[in-house]
>>> print(open('model38.txt').read())   # compact mmCIF, C-alpha atoms and all ligand atoms
# COMPACT_ATOMS: atom_id res chain seq x y z
CA MET S 219 382.57 -38.79 26.80
CA SER S 220 382.43 -42.52 26.77
CA GLN S 221 383.66 -45.30 24.51
CA GLN S 222 382.07 -48.55 23.42
CA VAL S 223 383.77 -51.89 23.97
CA LYS S 224 382.92 -55.60 23.96
CA ALA S 225 382.22 -57.19 27.33
CA VAL S 226 380.66 -60.23 29.01
CA VAL S 227 377.41 -59.58 30.82
CA ALA S 228 375.07 -61.75 32.90
CA ARG S 229 371.70 -60.17 32.14
CA ALA S 230 369.38 -62.32 34.25
CA LYS S 231 369.58 -64.94 36.99
CA GLY S 232 370.82 -68.28 35.67
CA ALA S 233 370.84 -67.19 32.02
CA PRO S 234 374.00 -67.91 30.01
CA VAL S 235 376.38 -64.97 29.78
CA GLU S 236 376.42 -62.85 26.61
CA VAL S 237 379.08 -60.88 24.78
CA VAL S 238 377.62 -57.41 24.26
CA THR S 239 378.72 -53.84 23.66
CA ILE S 240 378.94 -51.59 26.72
CA ASN S 241 379.66 -47.92 27.35
CA VAL S 242 382.77 -47.14 29.39
CA PRO S 243 382.82 -43.51 30.56
CA ASP S 244 385.93 -41.40 30.99
CA PRO S 245 387.53 -41.67 34.43
CA GLY S 246 386.38 -39.21 37.07
CA PRO S 247 388.39 -38.02 40.08
CA GLY S 248 390.34 -40.89 41.61
CA GLU S 249 389.45 -43.27 38.77
CA ALA S 250 391.20 -45.02 35.88
CA VAL S 251 390.15 -46.68 32.65
CA VAL S 252 392.13 -49.86 32.09
CA LYS S 253 392.64 -51.67 28.80
CA VAL S 254 392.24 -55.26 30.02
CA LEU S 255 394.80 -57.81 28.79
CA SER S 256 393.75 -60.93 30.74
CA CYS S 257 391.06 -62.02 33.16
CA GLY S 258 390.72 -65.40 34.89
CA VAL S 259 387.40 -67.23 35.21
CA CYS S 260 386.63 -67.68 38.95
CA HIS S 261 383.85 -69.53 40.82
CA THR S 262 382.62 -66.16 42.03
CA ASP S 263 381.75 -65.14 38.45
CA LEU S 264 379.53 -68.19 38.23
CA HIS S 265 377.98 -67.35 41.62
CA TYR S 266 377.13 -63.88 40.30
CA ARG S 267 375.52 -65.26 37.17
CA GLU S 268 373.48 -67.72 39.26
CA GLY S 269 372.22 -64.90 41.45
CA GLY S 270 374.06 -66.31 44.46
CA ILE S 271 375.73 -63.05 45.46
CA ASN S 272 372.92 -60.53 44.98
CA ASP S 273 370.25 -59.75 42.41
CA GLU S 274 371.68 -56.51 41.02
CA PHE S 275 371.56 -57.72 37.41
CA PRO S 276 372.91 -57.05 34.84
CA PHE S 277 376.41 -57.92 36.02
CA LEU S 278 379.61 -57.12 34.18
CA LEU S 279 381.62 -60.23 35.11
CA GLY S 280 385.35 -60.81 35.58
CA HIS S 281 387.68 -59.76 38.39
CA GLU S 282 391.10 -61.52 38.14
CA ALA S 283 392.71 -59.18 35.73
CA SER S 284 395.77 -57.49 34.41
CA GLY S 285 395.83 -54.60 31.98
CA ILE S 286 397.33 -51.32 30.90
CA VAL S 287 396.12 -48.03 32.31
CA GLU S 288 394.68 -46.05 29.41
CA ALA S 289 393.54 -42.89 31.13
CA VAL S 290 393.33 -41.51 34.66
CA GLY S 291 390.98 -38.94 36.15
CA PRO S 292 391.87 -35.77 38.08
CA ASP S 293 393.80 -36.18 41.34
CA VAL S 294 395.26 -39.58 40.43
CA THR S 295 398.92 -39.85 41.38
CA GLY S 296 399.51 -43.56 42.05
CA VAL S 297 399.30 -44.81 38.46
CA ALA S 298 399.67 -43.24 35.01
CA PRO S 299 398.64 -44.09 31.45
CA GLY S 300 400.83 -46.88 30.08
CA ASP S 301 401.38 -48.61 33.44
CA PHE S 302 400.96 -52.40 33.45
CA VAL S 303 398.76 -53.20 36.44
CA VAL S 304 397.07 -56.02 38.33
CA LEU S 305 393.59 -55.11 39.60
CA ASN S 306 392.31 -55.69 43.13
CA TRP S 307 388.74 -55.81 44.40
CA ARG S 308 388.61 -52.63 46.42
CA ALA S 309 390.78 -49.65 47.19
CA VAL S 310 391.30 -49.35 50.94
CA CYS S 311 391.19 -45.91 52.56
CA GLY S 312 394.33 -46.22 54.70
CA GLU S 313 392.82 -43.90 57.29
CA CYS S 314 390.01 -45.65 59.14
CA ARG S 315 390.56 -47.52 62.39
CA ALA S 316 390.65 -50.92 60.65
CA CYS S 317 393.28 -49.72 58.16
CA LYS S 318 395.40 -48.12 60.89
CA ARG S 319 395.24 -51.36 62.86
CA GLY S 320 396.49 -53.16 59.73
CA ASP S 321 393.22 -55.04 59.11
CA LEU S 322 392.83 -53.82 55.57
CA HIS S 323 390.01 -56.12 54.59
CA TYR S 324 387.89 -54.72 57.34
CA CYS S 325 388.38 -51.15 56.07
CA PHE S 326 385.21 -49.11 56.67
CA ASN S 327 385.66 -46.97 53.56
CA THR S 328 386.81 -49.20 50.73
CA HIS S 329 385.79 -47.85 47.39
CA ASN S 330 385.45 -48.75 43.75
CA ALA S 331 384.77 -46.55 40.75
CA THR S 332 381.33 -44.93 40.79
CA GLN S 333 379.05 -47.40 38.98
CA ARG S 334 378.25 -45.86 35.62
CA MET S 335 379.26 -48.30 32.90
CA THR S 336 376.09 -49.15 30.94
CA LEU S 337 374.73 -51.57 28.36
CA ALA S 338 375.05 -50.11 24.86
CA GLU S 339 372.74 -52.52 23.01
CA GLY S 340 369.46 -54.38 23.37
CA GLU S 341 366.08 -53.32 24.72
CA ASP S 342 367.73 -52.54 28.04
CA ALA S 343 370.42 -50.28 26.49
CA GLY S 344 371.41 -47.61 28.98
CA THR S 345 370.95 -49.88 32.00
CA GLU S 346 373.69 -49.47 34.56
CA LEU S 347 375.97 -52.50 34.99
CA SER S 348 377.06 -53.94 38.34
CA PRO S 349 380.77 -54.79 37.99
CA ALA S 350 381.61 -58.12 39.66
CA LEU S 351 383.63 -57.49 42.84
CA GLY S 352 383.78 -53.85 41.81
CA ILE S 353 385.95 -54.62 38.77
CA GLY S 354 384.12 -56.05 35.72
CA ALA S 355 387.10 -57.12 33.63
CA PHE S 356 385.68 -59.52 31.05
CA ALA S 357 385.71 -56.37 28.95
CA GLU S 358 388.12 -54.82 26.51
CA LYS S 359 388.21 -51.83 28.85
CA THR S 360 386.86 -51.18 32.32
CA LEU S 361 386.47 -48.30 34.75
CA VAL S 362 387.95 -48.80 38.22
CA ALA S 363 389.19 -46.77 41.18
CA ALA S 364 392.84 -45.89 40.62
CA GLY S 365 393.59 -47.46 44.01
CA GLN S 366 392.46 -50.80 42.57
CA CYS S 367 395.43 -50.71 40.17
CA THR S 368 398.87 -51.92 41.28
CA LYS S 369 401.77 -51.37 38.92
CA VAL S 370 403.89 -54.49 38.34
CA ASP S 371 406.81 -55.55 36.10
CA ALA S 372 405.62 -54.86 32.54
CA ASN S 373 407.59 -57.82 31.15
CA ALA S 374 405.52 -60.39 33.06
CA ARG S 375 402.98 -62.62 31.27
CA PRO S 376 399.54 -60.99 31.71
CA ALA S 377 397.54 -64.24 31.98
CA ALA S 378 399.75 -65.44 34.84
CA VAL S 379 400.10 -62.31 36.94
CA GLY S 380 396.46 -61.30 36.55
CA LEU S 381 395.56 -64.33 38.69
CA LEU S 382 397.11 -62.58 41.68
CA GLY S 383 393.98 -60.42 41.63
CA CYS S 384 391.87 -63.12 43.31
CA GLY S 385 392.20 -66.87 43.95
CA VAL S 386 395.97 -67.25 43.78
CA MET S 387 396.51 -64.31 46.13
CA ALA S 388 393.84 -65.67 48.47
CA GLY S 389 395.70 -68.98 48.73
CA ILE S 390 399.26 -67.68 48.94
CA GLY S 391 398.17 -65.03 51.44
CA ALA S 392 396.24 -67.54 53.56
CA ALA S 393 399.50 -69.43 54.12
CA ILE S 394 401.95 -66.54 54.35
CA ASN S 395 400.02 -63.52 55.62
CA THR S 396 397.25 -65.07 57.70
CA GLY S 397 398.92 -68.33 58.74
CA GLN S 398 402.42 -66.83 59.04
CA VAL S 399 404.12 -70.05 57.93
CA GLY S 400 407.84 -70.06 57.38
CA ARG S 401 411.01 -72.02 57.91
CA GLY S 402 410.79 -74.58 60.68
CA LYS S 403 407.00 -74.71 60.56
CA SER S 404 404.71 -77.41 59.27
CA ILE S 405 401.55 -76.82 57.27
CA ALA S 406 398.64 -78.93 56.07
CA VAL S 407 396.27 -77.72 53.37
CA ILE S 408 392.83 -79.33 53.21
CA GLY S 409 391.30 -78.95 49.74
CA CYS S 410 393.67 -78.62 46.80
CA GLY S 411 391.70 -76.67 44.20
CA GLY S 412 393.09 -73.40 42.87
CA VAL S 413 393.07 -71.76 46.29
CA GLY S 414 394.56 -74.71 48.20
CA VAL S 415 397.28 -75.29 45.63
CA ALA S 416 398.17 -71.60 45.82
CA ALA S 417 398.45 -71.94 49.61
CA ILE S 418 400.86 -74.83 49.00
CA ALA S 419 402.92 -72.72 46.58
CA GLY S 420 402.99 -69.93 49.18
CA ALA S 421 404.09 -72.31 51.92
CA ALA S 422 406.86 -73.61 49.67
CA LEU S 423 408.01 -70.04 48.96
CA ALA S 424 408.10 -69.33 52.69
CA GLY S 425 410.24 -72.40 53.36
CA ALA S 426 407.69 -74.36 55.41
CA SER S 427 408.19 -78.11 55.83
CA PRO S 428 406.51 -80.53 55.77
CA ILE S 429 403.79 -79.28 53.41
CA ILE S 430 400.93 -81.76 53.57
CA ALA S 431 398.25 -81.71 50.87
CA VAL S 432 394.86 -83.27 51.68
CA ASP S 433 392.12 -83.88 49.12
CA ILE S 434 389.53 -86.47 48.18
CA ASP S 435 390.62 -86.35 44.53
CA ALA S 436 393.90 -88.06 43.52
CA LYS S 437 394.33 -85.73 40.50
CA LYS S 438 394.35 -82.74 42.84
CA LEU S 439 396.99 -84.38 45.00
CA ALA S 440 399.25 -84.92 42.00
CA LYS S 441 398.99 -81.23 41.15
CA ALA S 442 399.64 -80.32 44.78
CA ARG S 443 402.89 -82.26 44.70
CA GLU S 444 403.99 -80.37 41.57
CA MET S 445 403.34 -77.12 43.40
CA GLY S 446 405.48 -77.98 46.40
CA ALA S 447 403.61 -80.42 48.66
CA THR S 448 406.05 -82.77 50.39
CA HIS S 449 403.33 -85.24 51.46
CA THR S 450 399.83 -86.03 50.19
CA VAL S 451 396.87 -87.51 52.02
CA ASP S 452 393.90 -89.01 50.21
CA SER S 453 390.99 -88.25 52.53
CA SER S 454 388.25 -89.87 50.44
CA GLY S 455 386.35 -92.47 52.47
CA SER S 456 387.62 -95.24 50.21
CA SER S 457 391.26 -94.67 51.19
CA GLY S 458 390.58 -95.76 54.77
CA VAL S 459 392.95 -93.07 56.01
CA ASP S 460 391.94 -90.69 58.80
CA PRO S 461 393.41 -87.40 57.53
CA VAL S 462 393.77 -85.96 61.04
CA GLU S 463 395.78 -88.94 62.29
CA GLU S 464 397.84 -88.97 59.10
CA ILE S 465 398.74 -85.26 59.42
CA LYS S 466 399.75 -85.84 63.05
CA ARG S 467 401.84 -88.87 62.08
CA ILE S 468 403.72 -87.02 59.32
CA CYS S 469 404.41 -83.98 61.53
CA ALA S 470 405.63 -86.13 64.41
CA GLU S 471 408.01 -87.89 62.04
CA VAL S 472 409.63 -84.55 61.21
CA TYR S 473 409.31 -82.74 64.56
CA GLU S 474 409.54 -84.99 67.56
CA GLY S 475 406.54 -84.61 69.84
CA ALA S 476 404.43 -82.64 67.35
CA ASP S 477 400.71 -83.32 67.67
CA GLY S 478 399.73 -81.89 64.30
CA ALA S 479 400.67 -79.10 61.91
CA ASP S 480 401.63 -75.61 63.04
CA VAL S 481 399.24 -74.20 60.46
CA VAL S 482 396.26 -75.88 58.82
CA VAL S 483 394.63 -74.10 55.90
CA GLU S 484 391.03 -75.10 55.20
CA ALA S 485 390.42 -74.38 51.49
CA VAL S 486 387.11 -76.18 51.00
CA GLY S 487 384.69 -74.12 53.07
CA ARG S 488 382.76 -76.90 54.85
CA PRO S 489 382.14 -77.68 58.55
CA GLU S 490 383.55 -81.21 58.40
CA THR S 491 386.83 -80.13 56.82
CA TRP S 492 387.09 -77.18 59.23
CA LYS S 493 386.70 -79.69 62.07
CA GLN S 494 389.51 -81.77 60.59
CA ALA S 495 391.64 -78.63 60.47
CA PHE S 496 390.78 -77.87 64.10
CA TYR S 497 392.03 -81.26 65.32
CA ALA S 498 394.92 -81.60 62.85
CA ARG S 499 396.74 -78.53 64.12
CA ASP S 500 399.38 -78.83 66.77
CA LEU S 501 398.87 -77.42 70.26
CA ALA S 502 398.98 -73.63 69.95
CA GLY S 503 398.70 -74.01 66.17
CA THR S 504 396.67 -71.91 63.77
CA VAL S 505 393.64 -72.80 61.69
CA VAL S 506 393.09 -70.60 58.64
CA LEU S 507 389.67 -70.78 57.02
CA VAL S 508 389.97 -69.52 53.43
CA GLY S 509 387.27 -71.69 51.81
CA VAL S 510 384.00 -69.76 51.79
CA PRO S 511 381.13 -71.46 53.67
CA THR S 512 377.49 -70.99 52.67
CA PRO S 513 375.30 -68.98 55.08
CA ASP S 514 373.46 -72.07 56.35
CA MET S 515 376.61 -73.86 57.55
CA LYS S 516 377.26 -74.07 61.29
CA VAL S 517 380.42 -74.34 63.36
CA PRO S 518 380.75 -78.08 64.07
CA GLU S 519 380.09 -79.18 67.61
CA ILE S 520 383.43 -79.23 69.41
CA PRO S 521 383.81 -79.57 73.18
CA LEU S 522 384.80 -76.18 74.58
CA ILE S 523 387.51 -77.92 76.58
CA ASP S 524 389.21 -78.82 73.27
CA VAL S 525 389.24 -75.16 72.25
CA PHE S 526 390.74 -74.33 75.64
CA GLY S 527 393.14 -77.24 75.57
CA ARG S 528 394.58 -76.77 72.09
CA GLY S 529 394.94 -72.99 72.36
CA GLY S 530 396.35 -71.23 69.34
CA ALA S 531 394.31 -69.28 66.85
CA LEU S 532 391.21 -69.86 64.74
CA LYS S 533 391.42 -67.38 61.86
CA SER S 534 389.71 -66.63 58.62
CA SER S 535 391.53 -65.21 55.64
CA TRP S 536 389.89 -62.64 53.45
CA TYR S 537 391.66 -62.13 50.12
CA GLY S 538 394.74 -63.64 51.74
CA ASP S 539 395.05 -60.59 54.02
CA CYS S 540 396.91 -59.07 51.12
CA LEU S 541 398.18 -55.55 50.75
CA PRO S 542 398.16 -55.30 46.95
CA SER S 543 400.78 -52.54 46.79
CA ARG S 544 403.15 -54.73 48.83
CA ASP S 545 402.24 -58.24 47.71
CA PHE S 546 401.50 -57.97 43.97
CA PRO S 547 404.89 -56.51 42.92
CA MET S 548 406.73 -58.90 45.27
CA LEU S 549 404.97 -61.99 43.90
CA VAL S 550 405.39 -60.85 40.29
CA ASP S 551 409.09 -60.42 40.99
CA LEU S 552 409.32 -63.94 42.45
CA TYR S 553 407.48 -65.22 39.37
CA GLN S 554 409.91 -63.43 37.06
CA GLN S 555 412.81 -65.00 38.97
CA GLY S 556 411.33 -68.47 38.46
CA ARG S 557 410.66 -68.97 42.17
CA LEU S 558 406.85 -68.91 41.97
CA ASP S 559 405.24 -70.85 39.13
CA LEU S 560 402.19 -68.76 38.28
CA ASP S 561 402.09 -70.34 34.80
CA ALA S 562 401.07 -73.61 36.44
CA PHE S 563 397.74 -72.02 37.39
CA VAL S 564 396.91 -71.10 33.78
CA THR S 565 395.36 -74.26 32.38
CA GLU S 566 394.18 -72.60 29.18
CA GLU S 567 393.94 -69.23 27.50
CA ILE S 568 390.49 -68.65 25.97
CA GLY S 569 388.54 -66.00 24.08
CA ILE S 570 385.85 -63.68 25.40
CA GLY S 571 383.16 -65.93 23.87
CA ASP S 572 384.29 -69.07 25.73
CA ILE S 573 383.24 -68.25 29.28
CA GLU S 574 380.22 -70.56 29.47
CA ALA S 575 382.45 -73.44 28.33
CA ALA S 576 384.95 -72.46 31.03
CA PHE S 577 382.17 -72.57 33.67
CA ASP S 578 381.39 -76.14 32.53
CA LYS S 579 385.02 -77.18 32.82
CA MET S 580 385.19 -75.77 36.35
CA HIS S 581 382.71 -78.45 37.47
CA HIS S 582 384.81 -81.26 36.04
CA GLY S 583 387.77 -80.27 38.15
CA ASP S 584 390.49 -80.57 35.52
CA VAL S 585 391.06 -76.86 35.22
CA LEU S 586 392.84 -74.65 37.72
CA ARG S 587 392.13 -71.52 35.74
CA SER S 588 390.80 -70.67 32.30
CA VAL S 589 392.06 -67.20 31.47
CA VAL S 590 390.37 -64.92 28.96
CA ILE S 591 392.81 -63.02 26.75
CA LEU S 592 391.42 -59.70 25.53
N1 LIG L 1 388.00 -83.06 51.90
C1 LIG L 1 389.10 -82.65 51.20
N2 LIG L 1 389.02 -81.98 50.04
C2 LIG L 1 387.80 -81.74 49.55
C3 LIG L 1 386.62 -82.15 50.21
C4 LIG L 1 386.76 -82.86 51.43
N3 LIG L 1 385.72 -83.27 52.11
N4 LIG L 1 385.55 -81.75 49.47
C5 LIG L 1 386.06 -81.12 48.39
N5 LIG L 1 387.41 -81.12 48.42
C6 LIG L 1 388.35 -80.57 47.46
C7 LIG L 1 387.97 -80.77 46.02
O1 LIG L 1 388.34 -82.05 45.54
C8 LIG L 1 388.75 -79.66 45.35
O2 LIG L 1 390.06 -80.06 44.99
O3 LIG L 1 388.40 -79.18 47.64
C9 LIG L 1 388.85 -78.59 46.44
C10 LIG L 1 388.01 -77.35 46.14
O4 LIG L 1 388.56 -76.74 45.04
P1 LIG L 1 387.77 -75.85 43.98
O5 LIG L 1 386.37 -76.32 43.87
O6 LIG L 1 388.63 -75.77 42.78
O7 LIG L 1 387.69 -74.44 44.71
P2 LIG L 1 388.78 -73.29 44.86
O8 LIG L 1 388.72 -72.38 43.70
O9 LIG L 1 390.11 -73.85 45.23
O10 LIG L 1 388.17 -72.53 46.12
C11 LIG L 1 388.10 -73.17 47.37
O11 LIG L 1 387.64 -71.12 48.47
O12 LIG L 1 387.30 -69.18 47.32
C12 LIG L 1 386.69 -70.19 48.00
O13 LIG L 1 384.47 -70.38 47.12
C13 LIG L 1 385.74 -70.96 47.11
O14 LIG L 1 384.93 -72.24 48.91
C14 LIG L 1 385.76 -72.29 47.77
C15 LIG L 1 387.19 -72.43 48.27
ZN ZN L 2 387.63 -64.69 42.30
ZN ZN L 3 390.15 -47.93 55.77
>>> encode(input="model38.txt", output="structure tokens", more="lines below")
Ligand code: APR
Ligand code: ZN
Ligand code: ZN
Amino acid sequence: MSQQVKAVVARAKGAPVEVVTINVPDPGPGEAVVKVLSCGVCHTDLHYREGGINDEFPFLLGHEASGIVEAVGPDVTGVAPGDFVVLNWRAVCGECRACKRGDLHYCFNTHNATQRMTLAEGEDAGTELSPALGIGAFAEKTLVAAGQCTKVDANARPAAVGLLGCGVMAGIGAAINTGQVGRGKSIAVIGCGGVGVAAIAGAALAGASPIIAVDIDAKKLAKAREMGATHTVDSSGSSGVDPVEEIKRICAEVYEGADGADVVVEAVGRPETWKQAFYARDLAGTVVLVGVPTPDMKVPEIPLIDVFGRGGALKSSWYGDCLPSRDFPMLVDLYQQGRLDLDAFVTEEIGIGDIEAAFDKMHHGDVLRSVVIL
């Protein structure tokens, strides 16, 4: 059996997305069908539609979602019909060497639902869809692995908590899980888009101070301050400020003798900003690269003696090193208590037909997240 629902599909490279009818099959063993309530529009969706991820068109887009479990397949014990859940990209196995070591995002055996949702209309009806990041949630209903569903407080606002499924979790986790910031530690965040601002919110939650926001765009810095930044640094050429020196100055003002921040999160994904992060961290400090570089980018030339001399750790953060079953309910709880402002990330709620317009707005930089309500 399968059912037909409305969904947003990218049929061909670069072509505008379309709202079409798709077939969603019943869940098989270890799977769940989720009635989607909200799904954020992320840069990655645009990358899929531009063919930047792979060419397995047609794609079923959308991956920052919340919803209600409608049905589960055989052998599913973790979630049940009626549960309010936030979706994650991949279910980890919990048993491979990477999982046992605690490096969940390097799991050898992550899995999604078996790909078998199909187009239900057009000349290509019957064609199998590739769900973006193994989710595909710009759809009234979607088929996922049950392990991709994490039950959270059912009273929480779907549009807000669904964002934990991708960018917001990546940012908060980069600060807290990967960077291990906390009380008595300083942090600088370079790049204050959705991911960077989430890192700032995470650092604020963890009690870090100072929290230094760095961006080339003054609007972004204003938002960063609302989300918990204690200091802002305009690093556009026109400001005349060297962001590395400025971070060092601010940290030394708070902690005598500091030569930079304990943790620097790079949330742009470029060699020059990574180099700033490298030199802006204190001796023995940590650099966390959460911005995603393109394949042609190279590690900037840095004297090896500086790597030796500064010590510390050069890390990257995949999905904020999150453990969805631990982090999603905790962050939803903090949101419900008013201690984490997830609403601030929801710039607008839109309909399923408004995704191309949301892609346009992403380029103008005024939107943290447009969230589709289904
Ligand atoms: N120095 C400082 N900030 C910069 C610089 C720079 N040289 N160049 C760009 N920025 C800022 C932009 O002004 C913007 O505020 O970086 C921010 C990037 O934000 P977004 O484009 O909104 O991206 P975001 O969704 O936050 O993702 C950041 O992480 O997930 C990845 O692919 C994503 O690489 C991207 C990064
Ligand atoms: Zn995303
Ligand atoms: Zn594993």
>>> closest_residue(input="model38.txt", among="S:Val462, S:Val432, S:Ala479, S:Val590", to="S:Ile568", atoms="only C-alpha atoms")
S:Val590
>>> closest_residue(input="model38.txt", among="S:Arg443, S:Arg499, S:His582, S:His323", to="ligand ZN 3 (chain L)", atoms="all atoms listed in the file")
S:His323
>>> closest_residue(input="model38.txt", among="S:Met548, S:Ala406, S:Leu501, S:Val459", to="S:Gly529", atoms="all atoms listed in the file")
S:Leu501
>>> atom_distance(input="model38.txt", atom1="atom CA of S:Ser404", atom2="atom CA of S:Thr512")
28.7 Å
>>> residues_near_ligand(input="model38.txt", ligand="ligand LIG 1 (chain L)", cutoff="9 Å", atoms="all atoms listed in the file", output="number ranges by chain")
S: 260-262, 384-386, 388-389, 407-416, 432-439, 452-454, 461, 484-488, 490-491, 494, 507-512, 537, 580-581, 583-587
>>> closest_residue(input="model38.txt", among="S:Gly475, S:Gly397, S:Gly312, S:Gly296", to="ligand ZN 3 (chain L)", atoms="all atoms listed in the file")
S:Gly312
>>> atom_distance(input="model38.txt", atom1="atom CA of S:Leu382", atom2="atom CA of S:Phe546")
6.8 Å
>>> closest_residue(input="model38.txt", among="S:Ala576, S:Cys540, S:Val290, S:Leu279", to="ligand ZN 2 (chain L)", atoms="all atoms listed in the file")
S:Leu279
>>> atom_distance(input="model38.txt", atom1="atom CA of S:Ala225", atom2="atom CA of S:Ala355")
8.0 Å
>>> closest_residue(input="model38.txt", among="S:Ser256, S:Ile465, S:Arg315, S:Pro489", to="S:Pro518", atoms="only C-alpha atoms")
S:Pro489
>>> residues_near_ligand(input="model38.txt", ligand="ligand ZN 3 (chain L)", cutoff="9 Å", atoms="all atoms listed in the file", output="number ranges by chain")
S: 309-318, 321-328
>>> residues_around(input="model38.txt", residues="S:Arg267", least_positions_apart="6", cutoff="8 Å", atoms="all atoms listed in the file", output="list in words")
Ala228, Ala230, Lys231, Gly232, Ala233, Pro234, Val235 and Phe277 of chain S
>>> residues_around(input="model38.txt", residues="S:Gly400", least_positions_apart="3", cutoff="9 Å", atoms="only C-alpha atoms", output="MDAnalysis selection string")
chainID S and resid 393:394 403:404 421:427
>>> decode(input="model38.txt", residues="stretch 482-500 of chain S", atoms="N, CA and C atoms", output="short mmCIF file (atom, residue, chain, number, x, y, z; two decimals), in the first residue's frame")
data_model
loop_
_atom_site.label_atom_id
_atom_site.label_comp_id
_atom_site.auth_asym_id
_atom_site.auth_seq_id
_atom_site.Cartn_x
_atom_site.Cartn_y
_atom_site.Cartn_z
N VAL S 482 37.48 29.08 19.02
CA VAL S 482 37.05 29.92 17.90
C VAL S 482 36.28 29.03 16.93
N VAL S 483 35.04 29.40 16.69
CA VAL S 483 34.20 28.66 15.75
C VAL S 483 34.24 29.37 14.40
N GLU S 484 34.63 28.65 13.37
CA GLU S 484 34.62 29.20 12.01
C GLU S 484 33.34 28.74 11.35
N ALA S 485 32.41 29.67 11.09
CA ALA S 485 31.10 29.32 10.53
C ALA S 485 30.89 29.98 9.17
N VAL S 486 31.97 30.10 8.41
CA VAL S 486 31.88 30.62 7.05
C VAL S 486 32.24 29.51 6.06
N GLY S 487 33.35 28.83 6.35
CA GLY S 487 33.80 27.76 5.46
C GLY S 487 34.74 28.27 4.38
N ARG S 488 35.69 29.15 4.77
CA ARG S 488 36.66 29.68 3.80
C ARG S 488 38.08 29.65 4.40
N PRO S 489 39.10 29.50 3.57
CA PRO S 489 40.47 29.43 4.09
C PRO S 489 40.88 30.67 4.87
N GLU S 490 40.50 31.86 4.38
CA GLU S 490 40.99 33.07 5.07
C GLU S 490 40.35 33.22 6.45
N THR S 491 39.10 32.82 6.59
CA THR S 491 38.47 32.94 7.91
C THR S 491 38.96 31.82 8.83
N TRP S 492 39.28 30.66 8.25
CA TRP S 492 39.85 29.59 9.07
C TRP S 492 41.23 30.03 9.60
N LYS S 493 41.97 30.73 8.76
CA LYS S 493 43.29 31.23 9.20
C LYS S 493 43.12 32.26 10.32
N GLN S 494 42.11 33.10 10.21
CA GLN S 494 41.84 34.04 11.31
C GLN S 494 41.56 33.26 12.59
N ALA S 495 40.73 32.21 12.44
CA ALA S 495 40.39 31.40 13.62
C ALA S 495 41.66 30.79 14.22
N PHE S 496 42.53 30.30 13.36
CA PHE S 496 43.77 29.66 13.81
C PHE S 496 44.57 30.61 14.70
N TYR S 497 44.71 31.86 14.25
CA TYR S 497 45.56 32.81 15.00
C TYR S 497 44.80 33.53 16.12
N ALA S 498 43.46 33.48 16.08
CA ALA S 498 42.70 34.19 17.11
C ALA S 498 42.48 33.35 18.35
N ARG S 499 42.84 32.07 18.29
CA ARG S 499 42.62 31.24 19.48
C ARG S 499 43.82 31.39 20.40
N ASP S 500 43.54 31.22 21.67
CA ASP S 500 44.59 31.31 22.68
C ASP S 500 45.52 30.12 22.55
#
